[in-house]
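The structure under discussion appears below in the form of structure tokens.
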Amino acid sequence: MTELQAVRETLFMLAGLPTSLYHSNSQEKIGCNANYAVTHAMASTWRYALQEFADIGTGLSELRAWAKENHSVALLQTFRSAVLDELRSFDKFLSELQATYLDSHAVAVSLTDILSKVRPQASLQLRLKDLIQNASQRVQQTPFVLLEALYDEINLAQMTGEAAVFSFLGRVFFFCLQTYLKPIRRWMTEGQLGADDQIFFVGTADKSSDAASLWHDQYVLRQDGQGKLHAPSFLHPAARKIFNSGKSVVFLRELGKYDGGPVSTMGQEAEPRLDLETVCSSSTTFSALPLVSFSSLFTSAFDDWIRNKYSFASAVLREQLFADCGLMASLDALEHVYFSADGTLFQAFADALFNKIDHGHVGWNDRYLLTETARGVFGSAASVAPERLGVRTAATREPKRSVKALATISIDYFLTWSVANVVQRATLSTYQRVFVLLLQLYRARCSLRAAHLAPLSTGTQQQREEIRLCTLLRHRLLWFADTLHAYTTSTAIASSTSSLRSALLSPAASDIDALAAAHAAFIAAVERRCLLAPALQPIADAVVEVLDLAVRFADLVACRSGEVAAGEGRGWAQEVTKGARRGSAATAASTKTSTYRRRRPRDNRRRSALPPTLTAEDLSSSEEDSDNDNVADADADVPLVDAAAPRQAKPLLHQLRDMKAQFDSLHGFVLAGLRGVARAGDEPCWEMLAERLEWEDVGRKW
């Protein structure tokens with residue numbers, strides 16, 4: 001055949017048409033027909049040239065075969081459309097080559113010339129073919145893998161200086177990106193998700209979740225089997241903003257602040273364009289490669305696109321939380337109820353509770369009475385809504401005079417669902433534990449201040465030693481309780497609260513995630529600084545033991561001094577006696593008060609016997625609510641009369657010495673623990689607290 005016939009057959013083959021010079025098999029692989037040759041070329045040269053065209057034609061044939069397939073995913077359909085457009089452009093290029101040989105002017109015919117013209121154009125198409133083949137195994141599970149591969153190829157083309165490839169792949173990339181942006185745009189502006197969107201990385205986790213967990217539980221960022229975000233890698237930095245922007249719209253809809261139209265139309269600027277010319281126009285004339293990396297240019301342009309939608313929705317939601325939802329007022333209410341922001345209110349509630357305990361009321365922990373008390377006391381604060389307050393109690397085996405029994409009192413302040421998305425339920429347990437700690441500290445301080453150390457008698461050396469030990473113990477216990485209370489309220493709580501308010505009002509807290517993170521960091525700091533973190537539990541237990549020792553010491557002094565009323569003496573003596581029966585080295589019953597020892601009946605069931613000193617006053621109206629909590633506590637607080645001889649209490653001097661030894665041991669453990677964790681570099685305030693607690697250690701000279 002002539003070379004002109006070979007050129008015509010070659011161009012037909014490249015266009016996907018059947019020819020005599022080339023043939024293809026079932027795998028779309030094209031080969032050359034050895035029966036044809038030209039007279040003016042060597043056989044090896046001829047075969048080599050034809051094989052070059054056959055290899056190019058094989059790649060184009062595979063690309064055309066893929067473009068004929070049907071795809072159900074929108075992103076794959078868009079990519080297929082882009083491939084068809086590029087194939088049409090290549091076919092147009094082939095038609096222009098054919099037209100040159102139909103011209104009446106003389107034209108040089110050369111397969112080598114055709115190859116030099118076809119190879120650069122076909123290489124662009126073959127890049128798409130290679131990209132599809134490499135992603136073929138994952139494209140069904142993750143359709144966006146083609147988009148991600150295009151992004152990587154564009155960056156590679158820029159680094160290798162392939163301007164034509166950069167421009168070609170850039171057009172395909174931004175064409176497909178517009179389809180991928182559609183569910184993102186819909187989510188960010190309308191808060192809507194597609195019914196079965198396989199490419200979007202936002203999904204619904206729990207449609208039935210209540211409004212209080214709407215932000216954190218109802219929607220989720222989808223992940224693949226390896227735990228990676230189900231999105232192209234170049235979108236990972238912006239995924240959180242996209243996610244939060246849509247949730248902001250959903251949140252506004254629940255608040256009734258969404259009018260049903262796209263948020264993007266509410267007075268915002270026009271949406272920035274995302275195409276190759278716009279993204280790269282600032283650093284190139286588009287005839288050469290950009291001077292700045294494509295990844296940097298795209299990230300900057302995409303951030304502007306995200307900010308256009310994210311900033312407005314987040315700003316509106318933030319304003320609603322602070323203005324209409326009362327976020328700051330709710331935090332102020334929590335501080336009043338749990339953190340003793342107003343010491344007079346906390347004192348009023350604590351005094352009402354301790355008065356019932358000191359008078360031996362059976363219903364001291366009646367949840368209904370305590371709820372009424374809490375509402376009456378804390379409700380006087382401007383930020384506290386009394387109807388949202390409630391108190392729960394639980395059964396305990398601890399004596400009611402012990403500070404450990406106060407841990408069974410749980411006070412609840414119910415937040416609105418919008419605020420509960422910032423102040424999450426998990427953080428409320430820390431609020432409760434801090435409240436119990438403050439209650440225990442106040443209980444110890446009040447008991448010690450009420451313990452008068454008037455001389456019981458004078459004259460003997462033993463009596464003077466008793467007075468000296470009483471004075472020493474009261475001083476050291478009161479210093480410990482006062483110092484710890486001042487540290488908890490002024491350092492641990494006040495400084496953390498100030499930091500929280502600054503963080504919430506900072507421009508960086510632009511969405512609920514940032515607000516919730518700031519509050520979670522605040523709670524973690526308070527928990528750590530108040531020694532309530534799990535790693536600090538041994539120190540916290542030792543502190544509670546010291547506070548419990550303070551109450552037992554105050555009870556012992558009050559009983560020995562005879563400063564309690566006759567009706568109250570039974571309650572004081574019973575608690576002190578129980579401490580002795582439990583093996584506490586610091587407590588024992590007074591020699592002036594009868595002591596009862598508990599015994600167990602044969603059927604292993606506990607049986608209560610009212611002591612002789614029980615009066616009608618003890619049977620208060622609280623008995624009308626005889627729930628399990630009060631029954632269990634009442635049963636634990638009433639001693640049993642033993643048929644055997646009553647157990648003799650230790651002398652007062654021995655009890656005081658035991659208390660001092662116990663305090664020295666616990667006090668030393670607390671100091672060593674604080675200094676140990678302070679050396680770990682966690683909280684400098686712990687070293688300061690240890691120094692303050694040790695200042696009163698001059699008392700050891702006694």
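Chain labels follow the order of the structure tokens: the first chain is A, the next B, and so on; residue numbering restarts at 1 in every chain, and ligands are counted from 1 in their shown order.
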query: What's the 7 Å shell around segment 172-184 of chain A, counting only C-alpha atoms, without same-chain residues fewer than 4 positions away, as a list in words?
result: Leu75, Thr78, Phe79, Ala82, Leu147, Leu150, Tyr151, Phe168, Met188, Phe200, Asp275 and Leu276 of chain A
Which residues are close to segment 501-517 of chain A, i.e. within 7 Å by only C-alpha atoms, leaving aside same-chain residues fewer than 2 positions away? Reply as a PDB file with N, CA and C atoms, in the first residue's frame.
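Resulting contents of selection.pdb:
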ATOM      1  N   SER A 314     -22.639  30.206  60.949  1.00  0.00           N
ATOM      2  CA  SER A 314     -22.069  30.088  62.288  1.00  0.00           C
ATOM      3  C   SER A 314     -22.273  31.364  63.085  1.00  0.00           C
ATOM      4  N   ALA A 315     -22.137  32.504  62.424  1.00  0.00           N
ATOM      5  CA  ALA A 315     -22.327  33.773  63.125  1.00  0.00           C
ATOM      6  C   ALA A 315     -23.766  33.926  63.605  1.00  0.00           C
ATOM      7  N   ARG A 318     -24.278  31.507  66.581  1.00  0.00           N
ATOM      8  CA  ARG A 318     -23.579  32.007  67.769  1.00  0.00           C
ATOM      9  C   ARG A 318     -24.362  33.147  68.416  1.00  0.00           C
ATOM     10  N   VAL A 422     -24.026  22.597  74.179  1.00  0.00           N
ATOM     11  CA  VAL A 422     -22.727  23.168  74.547  1.00  0.00           C
ATOM     12  C   VAL A 422     -22.251  22.571  75.863  1.00  0.00           C
ATOM     13  N   VAL A 423     -23.118  22.595  76.868  1.00  0.00           N
ATOM     14  CA  VAL A 423     -22.806  21.996  78.173  1.00  0.00           C
ATOM     15  C   VAL A 423     -23.332  20.561  78.130  1.00  0.00           C
ATOM     16  N   THR A 497     -13.051  29.589  85.648  1.00  0.00           N
ATOM     17  CA  THR A 497     -14.265  30.241  85.142  1.00  0.00           C
ATOM     18  C   THR A 497     -13.923  31.471  84.323  1.00  0.00           C
ATOM     19  N   SER A 498     -12.957  32.246  84.799  1.00  0.00           N
ATOM     20  CA  SER A 498     -12.528  33.424  84.044  1.00  0.00           C
ATOM     21  C   SER A 498     -11.971  33.027  82.681  1.00  0.00           C
ATOM     22  N   SER A 499     -11.195  31.965  82.644  1.00  0.00           N
ATOM     23  CA  SER A 499     -10.648  31.488  81.369  1.00  0.00           C
ATOM     24  C   SER A 499     -11.756  30.996  80.445  1.00  0.00           C
ATOM     25  N   HIS A 519     -15.806  24.574  76.835  1.00  0.00           N
ATOM     26  CA  HIS A 519     -16.429  24.174  78.098  1.00  0.00           C
ATOM     27  C   HIS A 519     -15.862  22.857  78.600  1.00  0.00           C
ATOM     28  N   ALA A 520     -15.606  21.914  77.688  1.00  0.00           N
ATOM     29  CA  ALA A 520     -15.016  20.634  78.104  1.00  0.00           C
ATOM     30  C   ALA A 520     -13.621  20.843  78.683  1.00  0.00           C
ATOM     31  N   ALA A 521     -12.839  21.758  78.080  1.00  0.00           N
ATOM     32  CA  ALA A 521     -11.513  22.059  78.623  1.00  0.00           C
ATOM     33  C   ALA A 521     -11.633  22.700  80.003  1.00  0.00           C
TER      34      ALA A 521
END
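Among the candidates A:Trp417, A:Phe322, A:Phe435, A:Phe378, the residue lying nearest to Tyr338 of chain A is A:Phe435 (atoms considered: only C-alpha atoms).
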message: Which residues are near segment 304-308 of chain A? Cut-off 10 Å, only C-alpha atoms, ignore same chain within fewer than 3 positions. Put them as a PyMOL selection string.
response: chain A and resi 184-185+188+238-239+241-242+245+264+268-274+298-301+311-313
As a PDB file with N, CA and C atoms, in the first residue's frame, please: the residues near Leu531 of chain A (cut-off 10 Å, only C-alpha atoms, same-chain neighbours under 3 positions excluded).
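Final output, part_3.pdb:
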ATOM      1  N   VAL A 434     -17.878  18.518  92.273  1.00  0.00           N
ATOM      2  CA  VAL A 434     -17.363  19.753  92.874  1.00  0.00           C
ATOM      3  C   VAL A 434     -18.344  20.264  93.924  1.00  0.00           C
ATOM      4  N   LEU A 437     -17.846  18.260  97.018  1.00  0.00           N
ATOM      5  CA  LEU A 437     -16.604  18.643  97.688  1.00  0.00           C
ATOM      6  C   LEU A 437     -16.782  19.938  98.473  1.00  0.00           C
ATOM      7  N   THR A 488      -9.974  25.926  96.493  1.00  0.00           N
ATOM      8  CA  THR A 488     -10.985  25.395  95.575  1.00  0.00           C
ATOM      9  C   THR A 488     -11.803  26.514  94.944  1.00  0.00           C
ATOM     10  N   ALA A 492      -8.963  27.113  91.931  1.00  0.00           N
ATOM     11  CA  ALA A 492      -9.430  26.056  91.032  1.00  0.00           C
ATOM     12  C   ALA A 492     -10.649  26.484  90.228  1.00  0.00           C
ATOM     13  N   ALA A 525     -10.176  21.146  83.469  1.00  0.00           N
ATOM     14  CA  ALA A 525      -9.278  21.914  84.339  1.00  0.00           C
ATOM     15  C   ALA A 525      -9.809  21.962  85.762  1.00  0.00           C
ATOM     16  N   VAL A 526     -11.120  22.183  85.907  1.00  0.00           N
ATOM     17  CA  VAL A 526     -11.713  22.227  87.256  1.00  0.00           C
ATOM     18  C   VAL A 526     -11.580  20.866  87.933  1.00  0.00           C
ATOM     19  N   GLU A 527     -11.865  19.810  87.202  1.00  0.00           N
ATOM     20  CA  GLU A 527     -11.763  18.464  87.767  1.00  0.00           C
ATOM     21  C   GLU A 527     -10.335  18.166  88.214  1.00  0.00           C
ATOM     22  N   ARG A 528      -9.377  18.575  87.401  1.00  0.00           N
ATOM     23  CA  ARG A 528      -7.976  18.325  87.732  1.00  0.00           C
ATOM     24  C   ARG A 528      -7.522  19.182  88.916  1.00  0.00           C
ATOM     25  N   PRO A 534      -9.370  11.111  87.823  1.00  0.00           N
ATOM     26  CA  PRO A 534      -9.120   9.710  88.224  1.00  0.00           C
ATOM     27  C   PRO A 534      -7.706   9.464  88.713  1.00  0.00           C
ATOM     28  N   ALA A 535      -6.715  10.110  88.092  1.00  0.00           N
ATOM     29  CA  ALA A 535      -5.329   9.883  88.503  1.00  0.00           C
ATOM     30  C   ALA A 535      -5.037  10.453  89.889  1.00  0.00           C
ATOM     31  N   LEU A 536      -5.869  11.388  90.354  1.00  0.00           N
ATOM     32  CA  LEU A 536      -5.660  12.034  91.651  1.00  0.00           C
ATOM     33  C   LEU A 536      -6.604  11.498  92.717  1.00  0.00           C
ATOM     34  N   GLN A 537      -7.288  10.407  92.430  1.00  0.00           N
ATOM     35  CA  GLN A 537      -8.283   9.878  93.358  1.00  0.00           C
ATOM     36  C   GLN A 537      -7.707   9.548  94.735  1.00  0.00           C
ATOM     37  N   PRO A 538      -6.500   8.967  94.859  1.00  0.00           N
ATOM     38  CA  PRO A 538      -5.966   8.710  96.209  1.00  0.00           C
ATOM     39  C   PRO A 538      -5.824   9.978  97.043  1.00  0.00           C
ATOM     40  N   ILE A 539      -5.407  11.068  96.430  1.00  0.00           N
ATOM     41  CA  ILE A 539      -5.289  12.332  97.169  1.00  0.00           C
ATOM     42  C   ILE A 539      -6.671  12.823  97.582  1.00  0.00           C
ATOM     43  N   ALA A 540      -7.640  12.743  96.660  1.00  0.00           N
ATOM     44  CA  ALA A 540      -9.000  13.179  96.988  1.00  0.00           C
ATOM     45  C   ALA A 540      -9.584  12.341  98.123  1.00  0.00           C
ATOM     46  N   ASP A 541      -9.333  11.037  98.132  1.00  0.00           N
ATOM     47  CA  ASP A 541      -9.828  10.183  99.211  1.00  0.00           C
ATOM     48  C   ASP A 541      -9.209  10.578 100.550  1.00  0.00           C
ATOM     49  N   VAL A 543      -8.147  13.549 101.361  1.00  0.00           N
ATOM     50  CA  VAL A 543      -8.765  14.828 101.758  1.00  0.00           C
ATOM     51  C   VAL A 543     -10.112  14.588 102.422  1.00  0.00           C
ATOM     52  N   LEU A 674       0.558  15.975  96.494  1.00  0.00           N
ATOM     53  CA  LEU A 674       0.504  17.241  95.765  1.00  0.00           C
ATOM     54  C   LEU A 674       1.866  17.597  95.173  1.00  0.00           C
ATOM     55  N   TRP A 686      -0.651  23.238  92.444  1.00  0.00           N
ATOM     56  CA  TRP A 686      -0.602  22.180  93.457  1.00  0.00           C
ATOM     57  C   TRP A 686       0.574  22.378  94.409  1.00  0.00           C
TER      58      TRP A 686
END
task: For segment 407-410 of chain A, list every protein, DNA or RNA residue within 9 Å, evaluated using only C-alpha atoms, and leave out those in the same chain fewer than 3 positions away; present the list as a list in words.
output: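 So the residues in contact are Asn365, Arg367, Gly390, Val391, Arg392, Thr393, Ala394, Ala395, Thr396, Val403, Lys404, Gln432, Arg433, Phe435, Val436, Leu437, Leu439 and Gln440 of chain A.
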Write the residues you've just listed into a file as a compact mmCIF listing (two decimals), in the first residue's frame, and include N, CA and C atoms for each of them.
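Written out: result.txt:
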# COMPACT_ATOMS: atom_id res chain seq x y z
N ASN A 365 -32.40 13.54 104.37
CA ASN A 365 -32.09 13.52 102.94
C ASN A 365 -33.34 13.30 102.10
N ARG A 367 -35.72 13.89 99.43
CA ARG A 367 -35.45 14.60 98.18
C ARG A 367 -36.48 15.68 97.88
N GLY A 390 -33.71 20.36 90.84
CA GLY A 390 -34.20 19.14 91.46
C GLY A 390 -33.09 18.48 92.24
N VAL A 391 -33.46 17.76 93.28
CA VAL A 391 -32.47 17.09 94.13
C VAL A 391 -32.79 15.61 94.16
N ARG A 392 -31.77 14.78 94.00
CA ARG A 392 -31.90 13.34 94.11
C ARG A 392 -31.03 12.85 95.26
N THR A 393 -31.48 11.77 95.89
CA THR A 393 -30.70 11.17 96.97
C THR A 393 -30.60 9.67 96.73
N ALA A 394 -29.63 9.07 97.38
CA ALA A 394 -29.41 7.63 97.26
C ALA A 394 -29.14 7.05 98.63
N ALA A 395 -29.37 5.76 98.76
CA ALA A 395 -29.13 5.09 100.03
C ALA A 395 -27.63 5.00 100.29
N THR A 396 -27.25 4.99 101.54
CA THR A 396 -25.84 4.91 101.91
C THR A 396 -25.69 4.16 103.23
N VAL A 403 -19.07 13.15 106.47
CA VAL A 403 -19.10 13.94 105.24
C VAL A 403 -19.26 13.04 104.03
N LYS A 404 -18.94 11.77 104.15
CA LYS A 404 -19.10 10.85 103.03
C LYS A 404 -20.57 10.65 102.67
N GLN A 432 -21.37 18.06 89.70
CA GLN A 432 -21.92 17.44 90.91
C GLN A 432 -20.82 17.10 91.90
N ARG A 433 -19.71 16.59 91.44
CA ARG A 433 -18.62 16.20 92.35
C ARG A 433 -18.00 17.42 93.01
N PHE A 435 -19.64 20.18 93.64
CA PHE A 435 -20.66 20.59 94.61
C PHE A 435 -20.54 19.78 95.90
N VAL A 436 -20.36 18.48 95.78
CA VAL A 436 -20.21 17.63 96.97
C VAL A 436 -18.95 18.00 97.74
N LEU A 437 -17.85 18.26 97.02
CA LEU A 437 -16.60 18.64 97.69
C LEU A 437 -16.78 19.94 98.47
N LEU A 439 -19.56 21.10 99.63
CA LEU A 439 -20.46 20.79 100.74
C LEU A 439 -19.69 20.12 101.88
N GLN A 440 -18.81 19.22 101.53
CA GLN A 440 -18.00 18.55 102.55
C GLN A 440 -17.04 19.52 103.24
- prompt: Out of segment 254-418 of chain A, which residues get strand (DSSP E or B) from DSSP, as a list in words?
  reply: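 Of segment 254-418 of chain A, the ones in strand (DSSP E or B) are Leu389, Gly390, Val391, Arg392, Thr393, Ile409, Ser410, Ile411, Asp412 and Tyr413 of chain A.
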field: Spatial neighbours of Ala99 of chain A, max dist 12 Å, only C-alpha atoms, sep filter under 6 positions, as JSON, numbers by chain
entry: {"A": [8, 11, 92, 93, 105, 107]}
Keeping only N, CA and C atoms, write the selected residues to a file as a CSV table (one decimal), in the first residue's frame.
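Wrote again.csv, looks like this:
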chain,number,residue,atom,x,y,z
A,8,ARG,N,-4.3,7.2,6.1
A,8,ARG,CA,-5.7,7.2,6.2
A,8,ARG,C,-6.2,6.1,7.2
A,11,LEU,N,-5.4,7.0,10.9
A,11,LEU,CA,-6.3,8.0,11.5
A,11,LEU,C,-7.7,7.4,11.7
A,92,LYS,N,-11.9,15.6,16.9
A,92,LYS,CA,-11.9,16.8,16.0
A,92,LYS,C,-10.4,17.1,15.5
A,93,PHE,N,-9.5,16.8,16.4
A,93,PHE,CA,-8.1,17.0,16.0
A,93,PHE,C,-7.7,16.0,14.9
A,105,HIS,N,-3.7,21.6,-2.4
A,105,HIS,CA,-2.2,21.9,-2.4
A,105,HIS,C,-1.4,20.6,-2.1
A,107,VAL,N,0.9,18.2,-0.4
A,107,VAL,CA,1.2,18.0,1.1
A,107,VAL,C,2.1,16.8,1.2
message: Need to verify the contact set: Pro290 of chain A, 12 Å, only C-alpha atoms, exclusion of same-chain residues closer than 6 positions in sequence. Can you return it as a PyMOL selection string?
response: chain A and resi 154-155+157-159+161-163+166-167+276-277+279-284+296-298
message: When you count only C-alpha atoms, which of these residues is closest to Gln5 of chain A: A:Leu235, A:Val109, A:Leu126, A:Ala444?
response: A:Val109
- request: Please give the complete set of residues from segment 96-149 of chain A that DSSP, run on the backbone, assigns to alpha helix (DSSP H), formatted as JSON, numbers by chain.
  value: {"A": [96, 97, 98, 99, 100, 101, 102, 111, 112, 113, 114, 115, 116, 117, 118, 119, 120, 121, 122, 123, 124, 125, 126, 127, 128, 129, 130, 131, 132, 133, 134, 135, 145, 146, 147, 148, 149]}
Closest of A:Ser380, A:Thr373, A:Ser95, A:Ser248 to Glu319 of chain A - atom-to-atom distances counting only C-alpha atoms: A:Ser248
field: Which residue of A:Ala494, A:Val546, A:Leu453, A:Ala405 approaches Ala661 of chain A most closely, using only C-alpha atoms
entry: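 Nearest to Ala661 of chain A: A:Val546.
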